[in-house]
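Trainee: Please read through the structure below; I'll follow up with questions.
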Amino acid sequence: MYHHMHVFHRADDLGSNDFKEAEKESGREYMYFTKKAFVVENIISSRIGYVPARITENDLAKCLENIKKDKKGSMIIRTHRQQLKRQFK
């Protein structure tokens, strides 16, 4: 969308007013998709800690597999070993 907006802007700079509306429309679409990408990047960053350069089908499949493998239930903290250490002190 940025490329289209840029091309229409250059046509306007060359003196053609025929593409003014196309430039505005491509600019609106560019802003719309840029905002959507920003939202998605922020969600990804908050969930995995970074934003990858690209996300492939393979990446999504691995992520889904990790979600399915996730242990169900709460985390259990073992205290038995700590109690044994205290007995030998």
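In the structure tokens, chains take the letters A, B, ... in the order shown, each chain's residues start at 1, and ligands count up from 1 in the order shown.
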Output as CSV one row per residue of segment 19-80 of chain A within 12 Å of segment 1-4 of chain A: the closest atom pair and its distance in Å to one decimal place, counting only C-alpha atoms, sorted by chain and residue number ascending.
Mentor:
```
residue,atom,partner,partner_atom,distance
A:Phe19,CA,A:His4,CA,10.8
A:Lys20,CA,A:His4,CA,12.0
A:Ala22,CA,A:His4,CA,8.7
A:Glu23,CA,A:His4,CA,7.5
A:Lys24,CA,A:His4,CA,10.3
A:Glu25,CA,A:Met1,CA,9.7
A:Ser26,CA,A:Met1,CA,6.0
A:Gly27,CA,A:Tyr2,CA,7.3
A:Arg28,CA,A:Met1,CA,9.2
A:Glu29,CA,A:Met1,CA,6.7
A:Tyr30,CA,A:Met1,CA,5.1
A:Met31,CA,A:Met1,CA,8.8
A:Tyr32,CA,A:Met1,CA,9.9
A:Phe33,CA,A:Met1,CA,8.4
A:Thr34,CA,A:Met1,CA,9.4
```
Trainee: DSSP on the backbone, then: every residue of chain A marked helix (DSSP H, G or I), written as a PyMOL selection string.
Mentor: chain A and resi 2-13+20-48+57-69+80-88
Trainee: For segment 57-67 of chain A, please output as a PyMOL selection string all residues within 12 Å (counting only C-alpha atoms; exclusion window: fewer than 6 positions along the same chain).
Mentor: chain A and resi 44+47-48
Trainee: Any idea what's packed within 12 Å of segment 40-43 of chain A, counting only C-alpha atoms, ignoring anything in its chain fewer than 5 positions away? Could you give it as an NGL selection string?
Mentor: :A and (33-35 or 48-55)
